[in-house]
Amino acid sequence: MELDLIDIHRLIIEPATLEDIQQVYEIDKENFVYHWSLESFYNELKYKWSEFFVAKYKYAQRFTAELFCEVVGYIICWVFDKEAHITNLSVKRKFQNKKIGSKLLAYLINVLRQKNVEHVYLEVRERNFVAIKLYQKFGFKQIALRENFYPDGEHAIVMNLELNP
Ligand SMILES: CC(C)(COP(=O)(O)OP(=O)(O)OC[C@H]1O[C@@H](n2cnc3c(N)ncnc32)[C@H](O)[C@@H]1OP(=O)(O)O)[C@@H](O)C(=O)NCCC(=O)NCCS
């Protein structure tokens, strides 16, 4: 598929299903050195506290008109009463910088508001400037620094978003 043909209206966000997990795992693997196992994604479907959404892009092959539906990103969040923790957000490399991460985050925040969540937390690598910019755009603020948080020694910035303040 040619990326200049991306039409954001063909993007749908919906709860992840068993059929999506292999594609989710491939996206995770291409983006993170210390990626999750396939099993850990399957487990997320079982946890009652897990909110797990995928972004899918629907498109037709230019010459055959055959229809495809590709998983292009996902977001996972654990919710415990008034508190939520975003544990994973990732967009397929060739689809990055096309607002898919923003759409996933906006979708999740809307779900969390409906669940009356008040406090949202996440950790992000301190040199992951794109992700930090995305979170700041949605109002997340740095509240702490966890030194040597990642296996390679990089620090984690802890960010928080207060909903319904
Ligand atoms: C971080 C990530 C989820 C963002 O998703 P995305 O779809 O690429 O981001 P968006 O297109 O919604 O852009 C979000 C903001 O980041 C900026 N941005 C995105 N890609 C960028 C790039 N390559 N260089 C500079 N800025 C970039 C955008 O300009 C945008 O800000 P704006 O709306 O003010 O213009 C995605 O890049 C990704 O999967 N990265 C690898 C995995 C990862 O780091 N996940 C986060 C773990 S905490």
# chains A, B, ... in the order shown; residues from 1 in each chain; ligands from 1
$ residues_around --residues "Glu147 in chain A" --least-positions-apart "6" --cutoff "12 Å" --atoms "only C-alpha atoms" --output "PDB file with C-alpha atoms, in the first residue's frame"
ATOM      1  CA  GLU A 123       6.378   5.714  32.091  1.00  0.00           C
ATOM      2  CA  VAL A 124       8.315   6.811  29.043  1.00  0.00           C
ATOM      3  CA  ARG A 125      11.996   6.653  28.152  1.00  0.00           C
ATOM      4  CA  GLU A 126      13.546  10.054  28.807  1.00  0.00           C
ATOM      5  CA  GLY A 153      20.040   1.911  32.012  1.00  0.00           C
ATOM      6  CA  GLU A 154      17.916   4.646  30.433  1.00  0.00           C
ATOM      7  CA  HIS A 155      15.839   6.649  32.910  1.00  0.00           C
ATOM      8  CA  ALA A 156      12.046   6.664  32.819  1.00  0.00           C
ATOM      9  CA  ILE A 157       9.981   9.799  33.096  1.00  0.00           C
ATOM     10  CA  VAL A 158       6.787   9.185  35.041  1.00  0.00           C
TER      11      VAL A 158
END
$ closest_atom_pairs --of "chain A" --to "ligand 1" --cutoff "8 Å" --atoms "only C-alpha atoms and all ligand atoms" --output "JSON lines"
{"residue": "A:Asp28", "atom": "CA", "partner": "ligand 1", "partner_atom_place_in_ligand_line": "42 (C)", "distance": 7.5}
{"residue": "A:Asn31", "atom": "CA", "partner": "ligand 1", "partner_atom_place_in_ligand_line": "41 (C)", "distance": 5.0}
{"residue": "A:Phe32", "atom": "CA", "partner": "ligand 1", "partner_atom_place_in_ligand_line": "42 (C)", "distance": 6.6}
{"residue": "A:Gly73", "atom": "CA", "partner": "ligand 1", "partner_atom_place_in_ligand_line": "39 (O)", "distance": 7.3}
{"residue": "A:Thr87", "atom": "CA", "partner": "ligand 1", "partner_atom_place_in_ligand_line": "48 (S)", "distance": 7.9}
{"residue": "A:Asn88", "atom": "CA", "partner": "ligand 1", "partner_atom_place_in_ligand_line": "47 (C)", "distance": 6.1}
{"residue": "A:Leu89", "atom": "CA", "partner": "ligand 1", "partner_atom_place_in_ligand_line": "45 (N)", "distance": 4.9}
{"residue": "A:Ser90", "atom": "CA", "partner": "ligand 1", "partner_atom_place_in_ligand_line": "39 (O)", "distance": 3.4}
{"residue": "A:Val91", "atom": "CA", "partner": "ligand 1", "partner_atom_place_in_ligand_line": "39 (O)", "distance": 3.7}
{"residue": "A:Lys92", "atom": "CA", "partner": "ligand 1", "partner_atom_place_in_ligand_line": "39 (O)", "distance": 6.2}
{"residue": "A:Arg93", "atom": "CA", "partner": "ligand 1", "partner_atom_place_in_ligand_line": "39 (O)", "distance": 6.8}
{"residue": "A:Phe95", "atom": "CA", "partner": "ligand 1", "partner_atom_place_in_ligand_line": "7 (O)", "distance": 6.8}
{"residue": "A:Gln96", "atom": "CA", "partner": "ligand 1", "partner_atom_place_in_ligand_line": "8 (O)", "distance": 3.5}
{"residue": "A:Asn97", "atom": "CA", "partner": "ligand 1", "partner_atom_place_in_ligand_line": "11 (O)", "distance": 3.2}
{"residue": "A:Lys98", "atom": "CA", "partner": "ligand 1", "partner_atom_place_in_ligand_line": "11 (O)", "distance": 4.0}
{"residue": "A:Lys99", "atom": "CA", "partner": "ligand 1", "partner_atom_place_in_ligand_line": "12 (O)", "distance": 3.2}
{"residue": "A:Ile100", "atom": "CA", "partner": "ligand 1", "partner_atom_place_in_ligand_line": "7 (O)", "distance": 3.9}
{"residue": "A:Gly101", "atom": "CA", "partner": "ligand 1", "partner_atom_place_in_ligand_line": "5 (O)", "distance": 3.4}
{"residue": "A:Ser102", "atom": "CA", "partner": "ligand 1", "partner_atom_place_in_ligand_line": "12 (O)", "distance": 3.7}
{"residue": "A:Lys103", "atom": "CA", "partner": "ligand 1", "partner_atom_place_in_ligand_line": "12 (O)", "distance": 6.6}
{"residue": "A:Leu122", "atom": "CA", "partner": "ligand 1", "partner_atom_place_in_ligand_line": "48 (S)", "distance": 7.4}
{"residue": "A:Glu123", "atom": "CA", "partner": "ligand 1", "partner_atom_place_in_ligand_line": "48 (S)", "distance": 6.2}
{"residue": "A:Val124", "atom": "CA", "partner": "ligand 1", "partner_atom_place_in_ligand_line": "48 (S)", "distance": 4.2}
{"residue": "A:Arg125", "atom": "CA", "partner": "ligand 1", "partner_atom_place_in_ligand_line": "48 (S)", "distance": 6.6}
{"residue": "A:Asn128", "atom": "CA", "partner": "ligand 1", "partner_atom_place_in_ligand_line": "44 (O)", "distance": 6.2}
{"residue": "A:Phe129", "atom": "CA", "partner": "ligand 1", "partner_atom_place_in_ligand_line": "26 (N)", "distance": 7.6}
{"residue": "A:Val130", "atom": "CA", "partner": "ligand 1", "partner_atom_place_in_ligand_line": "16 (O)", "distance": 4.7}
{"residue": "A:Ala131", "atom": "CA", "partner": "ligand 1", "partner_atom_place_in_ligand_line": "1 (C)", "distance": 3.9}
{"residue": "A:Ile132", "atom": "CA", "partner": "ligand 1", "partner_atom_place_in_ligand_line": "48 (S)", "distance": 7.6}
{"residue": "A:Lys133", "atom": "CA", "partner": "ligand 1", "partner_atom_place_in_ligand_line": "16 (O)", "distance": 5.4}
{"residue": "A:Leu134", "atom": "CA", "partner": "ligand 1", "partner_atom_place_in_ligand_line": "15 (C)", "distance": 4.4}
{"residue": "A:Lys137", "atom": "CA", "partner": "ligand 1", "partner_atom_place_in_ligand_line": "34 (O)", "distance": 6.6}
$ select_by_dssp --residues "range 25-149 of chain A" --states "strand (DSSP E or B)" --output "ChimeraX atom specification"
/A:50-60,67-80,83-91,119-125,141-146
$ closest_residue --among "A:Asp7, A:Glu44, A:Glu162, A:Asp152" --to "Tyr59 in chain A" --atoms "only C-alpha atoms"
A:Asp7
$ select_by_dssp --residues "range 44-119 of chain A" --states "helix (DSSP H, G or I)" --output "PyMOL selection string"
chain A and resi 44-46+93-95+100-114
$ residues_around --residues "Val24 in chain A" --least-positions-apart "4" --cutoff "12 Å" --atoms "only C-alpha atoms" --output "number ranges by chain"
A: 16-20, 28-31, 35-42, 44, 52-56, 70-76, 88-92
$ write_last_selection --atoms "N, CA and C atoms" --output "short mmCIF file (atom, residue, chain, number, x, y, z; two decimals), in the first residue's frame"
data_model
loop_
_atom_site.label_atom_id
_atom_site.label_comp_id
_atom_site.auth_asym_id
_atom_site.auth_seq_id
_atom_site.Cartn_x
_atom_site.Cartn_y
_atom_site.Cartn_z
N ALA A 16 -9.29 -5.00 21.10
CA ALA A 16 -8.46 -6.05 20.50
C ALA A 16 -9.13 -7.40 20.65
N THR A 17 -8.91 -8.27 19.66
CA THR A 17 -9.43 -9.64 19.72
C THR A 17 -8.26 -10.61 19.50
N LEU A 18 -8.57 -11.89 19.70
CA LEU A 18 -7.55 -12.93 19.50
C LEU A 18 -6.88 -12.82 18.13
N GLU A 19 -7.67 -12.51 17.10
CA GLU A 19 -7.15 -12.45 15.73
C GLU A 19 -6.14 -11.33 15.52
N ASP A 20 -6.17 -10.33 16.40
CA ASP A 20 -5.28 -9.17 16.23
C ASP A 20 -3.90 -9.39 16.85
N ASP A 28 4.96 -4.50 18.11
CA ASP A 28 5.73 -4.33 19.35
C ASP A 28 7.19 -4.68 19.11
N LYS A 29 7.40 -5.78 18.39
CA LYS A 29 8.76 -6.28 18.14
C LYS A 29 9.55 -5.31 17.28
N GLU A 30 8.89 -4.68 16.32
CA GLU A 30 9.63 -3.77 15.43
C GLU A 30 9.96 -2.45 16.13
N ASN A 31 9.21 -2.12 17.20
CA ASN A 31 9.42 -0.83 17.87
C ASN A 31 10.27 -0.88 19.12
N HIS A 35 10.90 -6.13 23.83
CA HIS A 35 9.47 -6.19 23.50
C HIS A 35 8.74 -7.22 24.36
N TRP A 36 7.42 -7.13 24.34
CA TRP A 36 6.59 -8.07 25.10
C TRP A 36 6.57 -9.42 24.38
N SER A 37 6.24 -10.46 25.14
CA SER A 37 6.07 -11.79 24.54
C SER A 37 4.66 -11.88 23.93
N LEU A 38 4.51 -12.84 23.02
CA LEU A 38 3.20 -13.08 22.43
C LEU A 38 2.18 -13.41 23.53
N GLU A 39 2.64 -14.22 24.48
CA GLU A 39 1.77 -14.66 25.57
C GLU A 39 1.26 -13.48 26.40
N SER A 40 2.14 -12.50 26.61
CA SER A 40 1.71 -11.36 27.44
C SER A 40 0.58 -10.59 26.76
N PHE A 41 0.60 -10.52 25.42
CA PHE A 41 -0.51 -9.85 24.74
C PHE A 41 -1.79 -10.67 24.84
N TYR A 42 -1.68 -12.00 24.72
CA TYR A 42 -2.87 -12.85 24.90
C TYR A 42 -3.44 -12.66 26.30
N GLU A 44 -3.41 -10.06 28.12
CA GLU A 44 -4.11 -8.78 28.25
C GLU A 44 -5.59 -8.90 27.87
N PHE A 52 -7.69 -2.69 26.11
CA PHE A 52 -6.75 -3.01 25.03
C PHE A 52 -7.46 -2.71 23.70
N PHE A 53 -6.96 -1.68 23.02
CA PHE A 53 -7.60 -1.28 21.76
C PHE A 53 -6.59 -1.32 20.62
N VAL A 54 -7.11 -1.66 19.45
CA VAL A 54 -6.26 -1.66 18.25
C VAL A 54 -6.80 -0.64 17.26
N ALA A 55 -5.86 -0.05 16.50
CA ALA A 55 -6.23 0.81 15.37
C ALA A 55 -6.06 -0.03 14.12
N LYS A 56 -7.10 -0.07 13.28
CA LYS A 56 -7.03 -0.86 12.05
C LYS A 56 -7.26 0.06 10.86
N GLU A 70 -5.72 -3.91 8.20
CA GLU A 70 -4.40 -4.13 8.81
C GLU A 70 -4.34 -3.47 10.19
N VAL A 71 -3.82 -4.19 11.17
CA VAL A 71 -3.60 -3.57 12.48
C VAL A 71 -2.39 -2.64 12.36
N VAL A 72 -2.57 -1.36 12.69
CA VAL A 72 -1.47 -0.39 12.51
C VAL A 72 -1.01 0.21 13.84
N GLY A 73 -1.71 -0.13 14.92
CA GLY A 73 -1.28 0.39 16.22
C GLY A 73 -2.17 -0.17 17.32
N TYR A 74 -1.72 0.04 18.57
CA TYR A 74 -2.51 -0.47 19.70
C TYR A 74 -2.17 0.34 20.94
N ILE A 75 -3.08 0.26 21.90
CA ILE A 75 -2.82 0.89 23.20
C ILE A 75 -3.38 -0.02 24.28
N ILE A 76 -2.65 -0.13 25.38
CA ILE A 76 -3.07 -0.98 26.50
C ILE A 76 -2.99 -0.17 27.79
N ASN A 88 1.31 0.26 27.40
CA ASN A 88 1.91 0.08 26.07
C ASN A 88 1.14 0.92 25.05
N LEU A 89 1.88 1.54 24.17
CA LEU A 89 1.30 2.29 23.03
C LEU A 89 2.32 2.20 21.92
N SER A 90 1.87 1.78 20.75
CA SER A 90 2.83 1.60 19.67
C SER A 90 2.11 1.65 18.32
N VAL A 91 2.79 2.24 17.35
CA VAL A 91 2.24 2.37 15.99
C VAL A 91 3.22 1.74 15.02
N LYS A 92 2.70 0.99 14.08
CA LYS A 92 3.53 0.34 13.06
C LYS A 92 4.42 1.39 12.40
#
$ residues_around --residues "Leu163 in chain A" --least-positions-apart "6" --cutoff "8 Å" --atoms "only C-alpha atoms" --output "MDAnalysis selection string"
chainID A and resid 113 117:120
$ write_last_selection --atoms "C-alpha atoms" --output "PDB file, in the first residue's frame"
ATOM      1  CA  ARG A 113     -13.467   9.471  31.353  1.00  0.00           C
ATOM      2  CA  VAL A 117     -11.049   7.420  36.082  1.00  0.00           C
ATOM      3  CA  GLU A 118      -9.362  10.435  37.687  1.00  0.00           C
ATOM      4  CA  HIS A 119      -5.625   9.727  37.601  1.00  0.00           C
ATOM      5  CA  VAL A 120      -3.711   8.396  34.582  1.00  0.00           C
TER       6      VAL A 120
END
$ closest_residue --among "A:Cys69, A:Glu14, A:Lys94, A:Val79" --to "Ile27 in chain A" --atoms "only C-alpha atoms"
A:Lys94
$ atom_distance --atom1 "CA of Asn164 in chain A" --atom2 "CA of Ile109 in chain A"
11.2 Å
$ atom_distance --atom1 "CA of Pro15 in chain A" --atom2 "CA of Val33 in chain A"
25.5 Å
$ atom_distance --atom1 "CA of Glu83 in chain A" --atom2 "CA of Arg146 in chain A"
19.5 Å
$ closest_residue --among "A:Ala144, A:Trp49, A:Phe63, A:Tyr135" --to "Ala106 in chain A" --atoms "only C-alpha atoms"
A:Tyr135
